[in-house]
Amino acid sequence: MYFNDAKEKIVYVSDLENNGMFSCILAGITYPNPDYKLSKTPSDHYIFEYVITGKGYIEYGGKKFPVNAGQFYCIKKGAHVTCYADENDPYEKIWINTNGEAVSRLFDYFMLDYVYTADVNVLDSFLEIHDKLCQINISNAAEINSDIISLMFKIMMTATRDTFFPVSIDKNSLDEKIRAYIDANIYTDVSLEQISEVFGYTKMHIIRVFKNKFGTTPMQYLIDKKIGIAQSLLAETLMPIKEIADILRYSNTQHFSSSFKAAVGCTPNRFRQSKHM
């Protein structure tokens, strides 16, 4: 792991032989940097990214695609693209660069153009991929690459779900809009006051509408989602507890631990130990 001049934490650089079917070339996290800009003319690999906070832009085919916190996007190999951060609110994003026939088939299977964006929370899958890459070596490369391809398929399924499997619910209803807003901002500092301002209703009305539909309050729904993500990361990755707390926007590790224990009945460390016994 190291940091480059663009304020990016590089967690993986491939030194394994490319077998033609799949290889991860590079993986990392880009931290907020108003000067960040990357041009691929054309891209010589497939790019998968998720915006954690802030916003940025993708320029492709004479069009500019804005990308914001809570959005996933992928860029097909061969695309002539320029990606850059917003000057006033530069993004923090997590990413992987891959190559191989398996990735090409993913794009074909999901019928994706050269640039595809979706409002979906897939940060936990990206983090799991990063964690697996940190463990890869010659002896386990085949197994880990297989796991990574499965995770990438999961990401793509989540990103294209509304296209391939549209749901019948009324997404224009206030309760669904509130839930979608929370889902898109799991990794930011969402508050009831913020939700109230976004939708133009009082906090009591927001709570009443949401609870009538989902049986819980918006803030309890947010906590439950965060705890669920934390459980997955603790069980399936080796990510330090402090990093999990930071990603889920807890003020500190102690706050995360107490919140986790109140919901699950044990500390994050004890929970992880129980899953790895």
# chains A, B, ... in the order shown; residues from 1 in each chain; ligands from 1
>>> select_by_dssp(residues="stretch 82-178 of chain A", states="strand (DSSP E or B)", output="list of chain:residue names")
A:Thr82, A:Cys83, A:Tyr84, A:Ala85, A:Pro90, A:Glu92, A:Lys93, A:Ile94, A:Trp95, A:Ile96, A:Asn97, A:Thr98, A:Asn99, A:Val115, A:Tyr116, A:Thr117, A:Ala118
>>> select_by_dssp(residues="stretch 146-192 of chain A", states="alpha helix (DSSP H)", output="VMD selection string")
chain A and resid 146 to 159 161 to 164 174 to 184 192
>>> residues_around(residues="stretch 32-41 of chain A", least_positions_apart="3", cutoff="12 Å", atoms="only C-alpha atoms", output="short mmCIF file (atom, residue, chain, number, x, y, z; two decimals) with N, CA, C and O atoms, in the first residue's frame")
data_model
loop_
_atom_site.label_atom_id
_atom_site.label_comp_id
_atom_site.auth_asym_id
_atom_site.auth_seq_id
_atom_site.Cartn_x
_atom_site.Cartn_y
_atom_site.Cartn_z
N ASN A 4 0.00 7.95 -3.91
CA ASN A 4 0.64 8.60 -5.05
C ASN A 4 0.46 10.11 -4.99
O ASN A 4 -0.12 10.64 -4.04
N ASP A 5 0.92 10.81 -6.00
CA ASP A 5 0.88 12.28 -6.00
C ASP A 5 -0.54 12.84 -6.14
O ASP A 5 -0.76 14.03 -5.89
N ALA A 6 -1.49 12.00 -6.54
CA ALA A 6 -2.87 12.47 -6.73
C ALA A 6 -3.73 12.23 -5.49
O ALA A 6 -4.95 12.25 -5.55
N LYS A 7 -3.09 11.99 -4.34
CA LYS A 7 -3.79 11.72 -3.07
C LYS A 7 -4.63 10.44 -3.16
O LYS A 7 -5.73 10.37 -2.63
N GLU A 8 -4.09 9.45 -3.83
CA GLU A 8 -4.76 8.17 -3.94
C GLU A 8 -4.01 7.12 -3.13
O GLU A 8 -2.78 7.04 -3.19
N LYS A 9 -4.78 6.34 -2.37
CA LYS A 9 -4.19 5.21 -1.65
C LYS A 9 -4.25 4.00 -2.58
O LYS A 9 -5.33 3.54 -2.94
N ILE A 29 -8.11 3.93 -3.52
CA ILE A 29 -9.09 4.91 -3.08
C ILE A 29 -8.56 6.30 -3.42
O ILE A 29 -7.40 6.62 -3.12
N ASP A 44 -7.21 1.45 -21.58
CA ASP A 44 -6.68 0.13 -21.92
C ASP A 44 -7.12 -0.94 -20.92
O ASP A 44 -6.57 -2.04 -20.89
N HIS A 45 -8.10 -0.61 -20.08
CA HIS A 45 -8.65 -1.58 -19.14
C HIS A 45 -10.07 -1.18 -18.76
O HIS A 45 -10.56 -0.12 -19.16
N TYR A 46 -10.74 -2.03 -18.01
CA TYR A 46 -12.11 -1.77 -17.55
C TYR A 46 -12.04 -1.10 -16.18
O TYR A 46 -11.30 -1.55 -15.29
N ILE A 47 -12.82 -0.04 -16.00
CA ILE A 47 -12.78 0.76 -14.78
C ILE A 47 -14.10 0.60 -14.02
O ILE A 47 -15.18 0.76 -14.60
N VAL A 51 -18.52 6.26 -5.82
CA VAL A 51 -18.28 7.55 -5.19
C VAL A 51 -18.80 7.51 -3.75
O VAL A 51 -19.99 7.30 -3.51
N ILE A 52 -17.90 7.70 -2.80
CA ILE A 52 -18.26 7.64 -1.39
C ILE A 52 -18.81 8.98 -0.91
O ILE A 52 -19.86 9.04 -0.28
N THR A 53 -18.10 10.05 -1.21
CA THR A 53 -18.56 11.40 -0.86
C THR A 53 -18.20 12.36 -2.01
O THR A 53 -17.36 12.05 -2.86
N GLY A 54 -18.81 13.54 -1.99
CA GLY A 54 -18.48 14.56 -2.98
C GLY A 54 -19.04 14.25 -4.35
O GLY A 54 -19.97 13.44 -4.51
N LYS A 55 -18.46 14.89 -5.36
CA LYS A 55 -18.93 14.67 -6.72
C LYS A 55 -17.82 14.94 -7.73
O LYS A 55 -16.80 15.55 -7.44
N GLY A 56 -18.06 14.45 -8.95
CA GLY A 56 -17.12 14.62 -10.03
C GLY A 56 -17.82 14.46 -11.36
O GLY A 56 -19.06 14.46 -11.42
N TYR A 57 -17.05 14.28 -12.43
CA TYR A 57 -17.63 14.24 -13.77
C TYR A 57 -16.87 13.25 -14.65
O TYR A 57 -15.68 13.01 -14.47
N ILE A 58 -17.62 12.69 -15.60
CA ILE A 58 -17.03 11.86 -16.65
C ILE A 58 -17.39 12.49 -17.98
O ILE A 58 -18.56 12.76 -18.25
N GLU A 59 -16.40 12.74 -18.81
CA GLU A 59 -16.66 13.25 -20.16
C GLU A 59 -16.42 12.13 -21.16
O GLU A 59 -15.35 11.52 -21.18
N TYR A 60 -17.44 11.87 -21.96
CA TYR A 60 -17.36 10.80 -22.95
C TYR A 60 -18.31 11.10 -24.11
O TYR A 60 -19.46 11.48 -23.89
N GLY A 61 -17.82 10.96 -25.32
CA GLY A 61 -18.65 11.15 -26.50
C GLY A 61 -19.28 12.52 -26.60
O GLY A 61 -20.41 12.65 -27.10
N ILE A 75 -16.62 1.91 -16.73
CA ILE A 75 -16.18 2.41 -18.03
C ILE A 75 -15.56 1.26 -18.80
O ILE A 75 -14.67 0.55 -18.30
N LYS A 76 -16.03 1.06 -20.00
CA LYS A 76 -15.60 -0.06 -20.83
C LYS A 76 -14.22 0.19 -21.43
O LYS A 76 -13.87 1.32 -21.77
N LYS A 77 -13.47 -0.88 -21.55
CA LYS A 77 -12.17 -0.80 -22.20
C LYS A 77 -12.32 -0.25 -23.62
O LYS A 77 -13.23 -0.64 -24.35
N GLY A 78 -11.44 0.67 -23.98
CA GLY A 78 -11.51 1.27 -25.30
C GLY A 78 -12.20 2.61 -25.34
O GLY A 78 -12.17 3.31 -26.37
N ALA A 79 -12.83 3.00 -24.23
CA ALA A 79 -13.53 4.29 -24.19
C ALA A 79 -12.52 5.44 -24.12
O ALA A 79 -11.50 5.35 -23.44
N HIS A 80 -12.84 6.53 -24.81
CA HIS A 80 -12.07 7.76 -24.71
C HIS A 80 -12.75 8.63 -23.66
O HIS A 80 -13.78 9.27 -23.94
N VAL A 81 -12.23 8.65 -22.45
CA VAL A 81 -12.91 9.34 -21.35
C VAL A 81 -11.94 10.24 -20.58
O VAL A 81 -10.72 10.01 -20.57
N THR A 82 -12.53 11.22 -19.93
CA THR A 82 -11.81 12.05 -18.96
C THR A 82 -12.64 12.10 -17.69
O THR A 82 -13.83 12.38 -17.73
N CYS A 83 -12.02 11.79 -16.58
CA CYS A 83 -12.68 11.81 -15.28
C CYS A 83 -12.01 12.87 -14.41
O CYS A 83 -10.78 12.94 -14.36
N TYR A 84 -12.83 13.68 -13.73
CA TYR A 84 -12.23 14.69 -12.87
C TYR A 84 -13.17 15.06 -11.72
O TYR A 84 -14.39 14.86 -11.79
N ALA A 85 -12.58 15.58 -10.66
CA ALA A 85 -13.32 15.92 -9.45
C ALA A 85 -13.94 17.31 -9.57
O ALA A 85 -13.42 18.18 -10.26
N ASP A 86 -15.05 17.51 -8.88
CA ASP A 86 -15.64 18.84 -8.77
C ASP A 86 -14.70 19.72 -7.94
O ASP A 86 -14.19 19.30 -6.90
N GLU A 87 -14.49 20.93 -8.39
CA GLU A 87 -13.53 21.81 -7.71
C GLU A 87 -13.98 22.19 -6.30
O GLU A 87 -13.15 22.34 -5.40
N ASN A 88 -15.29 22.35 -6.10
CA ASN A 88 -15.80 22.82 -4.81
C ASN A 88 -16.14 21.68 -3.85
O ASN A 88 -16.16 21.87 -2.64
N ASP A 89 -16.44 20.51 -4.41
CA ASP A 89 -16.80 19.36 -3.58
C ASP A 89 -16.18 18.10 -4.18
O ASP A 89 -16.89 17.23 -4.69
N PRO A 90 -14.85 18.01 -4.18
CA PRO A 90 -14.18 16.88 -4.84
C PRO A 90 -14.54 15.54 -4.20
O PRO A 90 -14.70 15.45 -2.99
N TYR A 91 -14.69 14.54 -5.06
CA TYR A 91 -15.15 13.26 -4.55
C TYR A 91 -14.05 12.45 -3.88
O TYR A 91 -12.86 12.63 -4.11
N GLU A 92 -14.54 11.54 -3.01
CA GLU A 92 -13.74 10.44 -2.51
C GLU A 92 -14.35 9.20 -3.14
O GLU A 92 -15.55 8.98 -3.08
N LYS A 93 -13.53 8.40 -3.79
CA LYS A 93 -14.07 7.24 -4.51
C LYS A 93 -13.16 6.04 -4.34
O LYS A 93 -11.95 6.16 -4.12
N ILE A 94 -13.77 4.86 -4.44
CA ILE A 94 -13.04 3.61 -4.35
C ILE A 94 -13.12 2.94 -5.71
O ILE A 94 -14.15 3.04 -6.39
#
>>> closest_residue(among="A:Arg179, A:Ile244, A:Lys154, A:Leu112", to="A:Lys226", atoms="only C-alpha atoms")
A:Ile244
>>> closest_residue(among="A:Gln231, A:Glu197, A:Asp183, A:Trp95", to="A:Tyr73", atoms="only C-alpha atoms")
A:Trp95
>>> closest_residue(among="A:Thr237, A:Thr158, A:Thr217, A:Ser259", to="A:Ile178", atoms="only C-alpha atoms")
A:Thr217
>>> atom_distance(atom1="atom CA of A:Ile144", atom2="atom CA of A:Pro240")
20.0 Å
>>> atom_distance(atom1="atom CA of A:Tyr221", atom2="atom CA of A:Asn252")
20.5 Å
